[in-house]
Each structure stands twice: as C-alpha cells, then as structure tokens.
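Contents: one structure, followed by commentary.
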Amino acid sequence: MFDLELLRSFVSVVDSGGFTRAGERVHRTQSTVSQQIKRLEDDVGQPLLNRAGKDVTPTEAGERLLSYARRLLSLAEEARDVMAKPDSQGAVRLGIPEDFAAYRLAQLLAAFSRSHPGLRLDVRADQSTYLRRDLERGDLDLALLKRDAGEKGGIAVWPERVHWVTSKAHPIDANVSSVPLIGFPAGCLYRTRAIHAIESAGRSWHMAYTSSSLAGIQAAVAAGLGLSILSEMAIQADHRVLTAKDGFAPIDKTEVALVAAPDASPATLRLADRLADFCNSVQAKAA
C-alpha cells in the first residue's frame, strides 16, 4: 500500500522542480519533504529523483511511478468528494475522439451535466487506441471509439465516412515521388490506414506533419503541408476531398462504437443513451 501523503509530496517535488517549492505546496518544511521522498524510495526500493543540478527531475523509475501517483491521488480525492456528499451520484469518466469533441458534443455533455447536478462528469478527448486501453483497464466508464468495421462489442455502432483531403488553395500534386502525410501520432487508426493505402499502391510516403490536435491537423491540411484522412465531420471549407480519379482509392471501412465498462453505473448508461441519440442524429444528417 502506498502512503498518499508520500505520493503527494513526490508529485509536488516533480511539478515544482525542487524540495523547497514542493514544501510550500504541501505545507511542509524542506527537510520533511526530503524525508518523505526518502521513505517512498525505500518503499519502492529504487531512486525516484535525480538530485544533481539546479532542478530536481524524476528518474526512469520516478517517471513510471508518476502517472500512477497522479491517478491514486485523483481517485482518493474523488472518493473523498463522493463520501462528503451523501446525495452525490458519483462520477462518469467518458472518453471521446478528437473530432467528436469539436462537433457540438460539448453542448450535449454540458446539458447532461446540468440535468444531473449530483454527478461528476470527467471527459477526455484522445486517440481511440488509448481510449480503448483505458476502458479495458478500468480508467474509463464509457467511450466512443474509432475502430475497424465489423469488430464485436459495444452498445451501438455506426459506420463512418472518411476521406482523403488536401488543401483547396494549395493542393498537393498527386504525382509527387513521396506523398507527404499529415496525421496523429503512431497508433492512430487513420494514420495506419493512410500508410497502408499508400504502400499498397506502391508509392513512397513520409510524415510531413504530426499533431495530437485535430485543429493542428486541419490547419496543416489547409495550408498545403500534405494529405490527410479525416472523417466527414472534420472536413472544413478550405479542404478538398480527393477521390479515385485523383489517384487515391477509398479508405477501408471504419466505424464508431459506443462501449461501456462491464460494471457501468445507471448514470453511465443514461449518458450512453444520450450519446447514442446524438450519433443517430449525426448519421441521419449524413445519409
């Protein structure tokens, strides 16, 4: 069992870069914080901080522990908040893809939160590969996932329309020797599909622009830095859709799935119903 006070001091030292500033954050003296870190290092059996130089930085072991420490402290805070409010409905942790975060979904989530004042709603926009991982290990209660069409599991599934896009004002020459690609970091379904499609056509490629932000990818496409694969809802007015006539075959089928944890709470399932209605409306408008 980890001592939460030791973890809190450890996170504070990493975030502040030193023992003195960390002590101010946790209302402890520098020597007390130093002793707490020593106790934590004794518990785990290895150094957690590099103390050489002006700033204190985590060791490799410290970096591994850091994310767990943050999660344990966050969960402890959540449990304390729930127990302090007997009428609380708990929390729902939702994961959504970036393009859904930018497509009117915030309005739905805000309305759901207002209609459930006793419920804490934690929303995270991320790549589907990470959302799936966190759902499987219990860090999320509900998620909208991009995945290959035909996979099993989920409350509801919708086919997704994705397209090759280039800049309308500065289109990329379809006959370039190496196709410049724009996309999310490695692990993204669209990135994998784009690379596979280019290589299947016997062409060379290189990553011209990589971003964890959908807005960054949209801007890079509009500026003419390269080609990308985007869902219909993410295509903007300054983008041009490429077709087979341009030398880019349609992308293999993908889908959006709404997946809940096996032990989903009633509040989670109510939110799932709202999200299903939202996705159904998006699908109907696109038809």
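Ordered as shown in the structure tokens, chains take letters A, B, and onward, while each chain numbers its residues from 1 and ligands are numbered from 1 in the order shown.
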Practice prompt. Please provide as a list in words all residues within 9 Å of range 65-78 of chain A, with the sequence filter that same-chain residues fewer than 6 positions apart are discarded (counting only C-alpha atoms).
Written response: Phe2, Leu4, Leu7, Arg8, Phe10, Val11, Val14, Leu48, Pro58, Gly90 and Ala91 of chain A
DSSP on the backbone: which residues in range 173-286 of chain A end up as helix (DSSP H, G or I)? Give the answer as a compact mmCIF listing (two decimals) with C-alpha atoms, in the first residue's frame.
```
# COMPACT_ATOMS: atom_id res chain seq x y z
CA LEU A 189 -6.36 4.28 -36.96
CA TYR A 190 -6.42 6.90 -39.71
CA ARG A 191 -2.62 7.15 -39.81
CA THR A 192 -2.32 3.38 -40.12
CA ARG A 193 -4.92 3.31 -42.90
CA ALA A 194 -3.20 6.14 -44.79
CA ILE A 195 0.21 4.45 -44.68
CA HIS A 196 -1.27 1.09 -45.70
CA ALA A 197 -3.14 2.65 -48.64
CA ILE A 198 -0.06 4.47 -49.92
CA GLU A 199 2.19 1.41 -49.60
CA SER A 200 -0.44 -0.84 -51.22
CA LEU A 214 -7.30 17.84 -34.61
CA ALA A 215 -7.19 21.62 -35.09
CA GLY A 216 -3.47 21.38 -35.86
CA ILE A 217 -4.06 18.67 -38.46
CA GLN A 218 -6.90 20.64 -40.07
CA ALA A 219 -4.73 23.75 -40.27
CA ALA A 220 -1.78 21.84 -41.74
CA VAL A 221 -4.00 20.39 -44.46
CA ALA A 222 -5.49 23.80 -45.28
CA ALA A 223 -2.00 25.31 -45.52
CA GLU A 232 -16.68 13.91 -42.79
CA MET A 233 -17.44 15.93 -39.67
CA ALA A 234 -13.81 17.14 -39.50
CA ALA A 244 -10.06 7.64 -57.04
CA LYS A 245 -9.84 9.98 -60.04
CA ASP A 246 -7.08 11.83 -58.17
CA PRO A 266 -27.01 3.65 -14.09
CA ALA A 267 -25.69 7.19 -14.63
CA THR A 268 -23.18 5.88 -17.17
CA LEU A 269 -25.92 4.06 -19.06
CA ARG A 270 -28.10 7.18 -19.08
CA LEU A 271 -25.25 9.12 -20.64
CA ALA A 272 -24.76 6.28 -23.12
CA ASP A 273 -28.40 6.69 -24.21
CA ARG A 274 -27.84 10.42 -24.82
CA LEU A 275 -24.69 9.73 -26.84
CA ALA A 276 -26.48 7.08 -28.89
CA ASP A 277 -29.24 9.55 -29.75
CA PHE A 278 -26.59 12.12 -30.73
CA CYS A 279 -24.74 9.68 -33.01
CA ASN A 280 -28.03 8.56 -34.57
CA SER A 281 -28.86 12.18 -35.42
CA VAL A 282 -25.40 12.74 -36.94
CA GLN A 283 -25.81 9.57 -39.01
CA ALA A 284 -29.28 10.65 -40.22
CA LYS A 285 -28.00 14.06 -41.34
CA ALA A 286 -25.12 12.48 -43.23
```
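When CA of Pro262 in chain A is paired with CA of Leu131 in chain A, their separation reads 15.3 Å.
Here CA of Ala156 in chain A stands at a distance of 29.1 Å from CA of Ser211 in chain A.
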Worksheet item: Taking into account only C-alpha atoms, which residue in the set A:Gln236, A:Ala261, A:Gly247, A:Ser178 is nearest to Leu135 in chain A?
Response: A:Ala261
Find the residues near range 173-177 of chain A: any atom within 10 Å, counting only C-alpha atoms, skip ones fewer than 5 places away on the same chain, and give them as a short mmCIF file (atom, residue, chain, number, x, y, z; two decimals) with N, CA, C and O atoms, in the first residue's frame.
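Saved result, result.cif, follows:
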```cif
data_model
loop_
_atom_site.label_atom_id
_atom_site.label_comp_id
_atom_site.auth_asym_id
_atom_site.auth_seq_id
_atom_site.Cartn_x
_atom_site.Cartn_y
_atom_site.Cartn_z
N THR A 166 -6.95 17.29 -49.14
CA THR A 166 -5.80 18.16 -49.38
C THR A 166 -6.26 19.59 -49.24
O THR A 166 -7.45 19.85 -48.96
N ARG A 203 3.63 3.25 -53.55
CA ARG A 203 4.19 4.60 -53.53
C ARG A 203 4.96 4.84 -52.23
O ARG A 203 4.74 4.16 -51.21
N SER A 204 5.84 5.81 -52.28
CA SER A 204 6.60 6.20 -51.09
C SER A 204 5.84 7.27 -50.32
O SER A 204 5.00 7.97 -50.89
N TRP A 205 6.16 7.40 -49.05
CA TRP A 205 5.48 8.39 -48.22
C TRP A 205 6.44 8.88 -47.13
O TRP A 205 7.44 8.24 -46.84
N GLY A 226 0.43 18.83 -46.69
CA GLY A 226 0.35 17.43 -47.07
C GLY A 226 -1.08 16.95 -47.16
O GLY A 226 -2.03 17.75 -47.16
N LEU A 227 -1.23 15.63 -47.24
CA LEU A 227 -2.54 14.99 -47.32
C LEU A 227 -2.87 14.33 -45.98
O LEU A 227 -1.99 13.96 -45.22
N LEU A 242 -10.26 14.25 -51.96
CA LEU A 242 -9.64 13.54 -53.07
C LEU A 242 -10.38 12.23 -53.33
O LEU A 242 -10.87 11.58 -52.38
N ASP A 246 -8.31 11.13 -58.53
CA ASP A 246 -7.08 11.83 -58.17
C ASP A 246 -5.94 10.87 -57.84
O ASP A 246 -4.83 11.29 -57.52
N GLY A 247 -6.26 9.58 -57.90
CA GLY A 247 -5.24 8.58 -57.60
C GLY A 247 -5.26 8.07 -56.17
O GLY A 247 -4.31 7.41 -55.73
N PHE A 248 -6.34 8.38 -55.45
CA PHE A 248 -6.44 7.95 -54.05
C PHE A 248 -7.72 7.15 -53.85
O PHE A 248 -8.82 7.68 -53.86
#
```
Need the shell around range 18-31 of chain A: protein/DNA/RNA residues with any atom at most 10 Å away, counting only C-alpha atoms. Skip same-chain ones fewer than 6 positions apart. Format as a compact mmCIF listing (two decimals) with all heavy atoms, in the first residue's frame?
```txt
# COMPACT_ATOMS: atom_id res chain seq x y z
N GLU A 5 0.26 10.52 1.38
CA GLU A 5 1.00 11.73 1.73
C GLU A 5 2.40 11.72 1.09
O GLU A 5 2.89 12.75 0.64
CB GLU A 5 1.11 11.86 3.25
CG GLU A 5 -0.19 12.21 3.94
CD GLU A 5 -0.78 13.52 3.42
OE1 GLU A 5 -0.01 14.48 3.20
OE2 GLU A 5 -2.01 13.58 3.19
N ARG A 8 1.86 12.43 -2.56
CA ARG A 8 1.55 13.85 -2.78
C ARG A 8 2.83 14.69 -2.76
O ARG A 8 3.01 15.59 -3.59
CB ARG A 8 0.55 14.33 -1.73
CG ARG A 8 0.08 15.77 -1.94
CD ARG A 8 -1.05 16.14 -1.00
NE ARG A 8 -2.29 15.48 -1.37
CZ ARG A 8 -2.82 14.45 -0.72
NH1 ARG A 8 -2.21 13.95 0.36
NH2 ARG A 8 -3.95 13.90 -1.11
N SER A 9 3.72 14.40 -1.83
CA SER A 9 4.98 15.13 -1.77
C SER A 9 5.84 14.83 -2.99
O SER A 9 6.48 15.73 -3.56
CB SER A 9 5.75 14.76 -0.49
OG SER A 9 5.08 15.24 0.65
N PHE A 10 5.84 13.58 -3.44
CA PHE A 10 6.61 13.20 -4.62
C PHE A 10 6.12 13.96 -5.86
O PHE A 10 6.92 14.52 -6.62
CB PHE A 10 6.48 11.69 -4.83
CG PHE A 10 7.02 11.20 -6.15
CD1 PHE A 10 8.35 11.34 -6.48
CD2 PHE A 10 6.16 10.60 -7.06
CE1 PHE A 10 8.84 10.89 -7.70
CE2 PHE A 10 6.63 10.16 -8.28
CZ PHE A 10 7.97 10.30 -8.61
N VAL A 11 4.80 13.99 -6.08
CA VAL A 11 4.23 14.71 -7.23
C VAL A 11 4.55 16.20 -7.13
O VAL A 11 4.87 16.85 -8.14
CB VAL A 11 2.71 14.47 -7.32
CG1 VAL A 11 2.08 15.39 -8.36
CG2 VAL A 11 2.43 13.02 -7.65
N SER A 12 4.49 16.74 -5.94
CA SER A 12 4.77 18.17 -5.75
C SER A 12 6.23 18.50 -6.07
O SER A 12 6.52 19.54 -6.67
CB SER A 12 4.45 18.58 -4.31
OG SER A 12 3.07 18.45 -4.04
N ILE A 37 10.32 11.73 0.71
CA ILE A 37 10.78 11.14 -0.55
C ILE A 37 11.71 9.96 -0.26
O ILE A 37 11.65 8.93 -0.94
CB ILE A 37 11.50 12.19 -1.41
CG1 ILE A 37 10.56 13.34 -1.76
CG2 ILE A 37 12.05 11.55 -2.67
CD1 ILE A 37 9.29 12.93 -2.49
N ARG A 51 18.86 14.25 -8.09
CA ARG A 51 19.05 15.43 -7.25
C ARG A 51 20.23 16.28 -7.69
O ARG A 51 20.49 17.33 -7.12
CB ARG A 51 19.23 15.01 -5.80
CG ARG A 51 17.99 14.35 -5.20
CD ARG A 51 18.30 13.67 -3.89
NE ARG A 51 17.11 13.21 -3.18
CZ ARG A 51 16.50 12.08 -3.44
NH1 ARG A 51 16.94 11.30 -4.42
NH2 ARG A 51 15.42 11.72 -2.74
N LYS A 54 20.55 22.07 -10.63
CA LYS A 54 19.70 23.08 -10.00
C LYS A 54 18.29 22.56 -9.78
O LYS A 54 17.68 22.79 -8.73
CB LYS A 54 19.66 24.33 -10.88
CG LYS A 54 18.84 25.47 -10.30
CD LYS A 54 18.89 26.68 -11.20
CE LYS A 54 18.04 27.81 -10.61
NZ LYS A 54 18.06 29.02 -11.49
N ASP A 55 17.74 21.85 -10.78
CA ASP A 55 16.37 21.36 -10.68
C ASP A 55 16.36 19.86 -10.38
O ASP A 55 17.23 19.12 -10.83
CB ASP A 55 15.60 21.62 -11.97
CG ASP A 55 15.38 23.11 -12.21
OD1 ASP A 55 15.18 23.83 -11.21
OD2 ASP A 55 15.40 23.52 -13.37
N VAL A 56 15.34 19.44 -9.66
CA VAL A 56 15.16 18.03 -9.34
C VAL A 56 14.26 17.42 -10.41
O VAL A 56 13.19 17.94 -10.71
CB VAL A 56 14.53 17.85 -7.95
CG1 VAL A 56 14.27 16.38 -7.67
CG2 VAL A 56 15.43 18.46 -6.88
N THR A 57 14.69 16.29 -11.00
CA THR A 57 13.92 15.64 -12.05
C THR A 57 13.72 14.18 -11.71
O THR A 57 14.52 13.59 -10.97
CB THR A 57 14.64 15.75 -13.41
OG1 THR A 57 15.92 15.12 -13.30
CG2 THR A 57 14.80 17.21 -13.83
```
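If only C-alpha atoms are the atoms counted, then among A:Val179, A:Asp43, A:Gly187, A:Ser16 the closest residue to Ala201 in chain A is A:Val179.
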Item to complete: Find the spatial neighbours of range 139-153 of chain A, counting only C-alpha atoms, within a cut-off of 9 Å - ignore same-chain residues fewer than 3 positions away - and output them as a ChimeraX atom specification.
Response: /A:92-97,100,127-129,131-136,156-157,159-160,189,252-265,268-269,271-272,275
Requested write-out: C-alpha atoms of the selected residues, as a CSV table (one decimal), in the first residue's frame:
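Saved as part18.csv:
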```csv
chain,number,residue,atom,x,y,z
A,92,VAL,CA,-18.8,9.1,-15.0
A,93,ARG,CA,-15.5,9.0,-16.9
A,94,LEU,CA,-16.0,9.4,-20.6
A,95,GLY,CA,-13.6,9.1,-23.5
A,96,ILE,CA,-14.3,10.6,-26.9
A,97,PRO,CA,-12.3,11.0,-30.2
A,100,PHE,CA,-16.3,14.4,-31.7
A,127,GLN,CA,-6.9,8.7,-29.7
A,128,SER,CA,-9.1,5.7,-29.8
A,129,THR,CA,-6.2,3.3,-29.2
A,131,LEU,CA,-9.4,5.2,-25.0
A,132,ARG,CA,-9.8,1.5,-25.7
A,133,ARG,CA,-6.8,0.7,-23.4
A,134,ASP,CA,-8.1,2.9,-20.6
A,135,LEU,CA,-11.6,1.4,-20.8
A,136,GLU,CA,-10.2,-2.1,-20.6
A,156,ALA,CA,-24.2,0.7,-30.5
A,157,VAL,CA,-22.2,1.0,-33.7
A,159,PRO,CA,-20.5,3.3,-40.0
A,160,GLU,CA,-18.0,6.1,-40.5
A,189,LEU,CA,-6.4,4.3,-37.0
A,252,ASP,CA,-11.4,0.7,-46.0
A,253,LYS,CA,-14.4,0.9,-43.8
A,254,THR,CA,-14.2,2.2,-40.3
A,255,GLU,CA,-16.9,2.6,-37.6
A,256,VAL,CA,-17.7,4.4,-34.4
A,257,ALA,CA,-18.6,2.3,-31.4
A,258,LEU,CA,-20.1,3.2,-28.1
A,259,VAL,CA,-18.6,0.9,-25.5
A,260,ALA,CA,-19.3,0.8,-21.7
A,261,ALA,CA,-17.4,-0.9,-18.9
A,262,PRO,CA,-18.9,-4.2,-17.8
A,263,ASP,CA,-19.9,-2.7,-14.4
A,264,ALA,CA,-21.3,0.5,-15.9
A,265,SER,CA,-23.4,2.5,-13.4
A,268,THR,CA,-23.2,5.9,-17.2
A,269,LEU,CA,-25.9,4.1,-19.1
A,271,LEU,CA,-25.2,9.1,-20.6
A,272,ALA,CA,-24.8,6.3,-23.1
A,275,LEU,CA,-24.7,9.7,-26.8
```
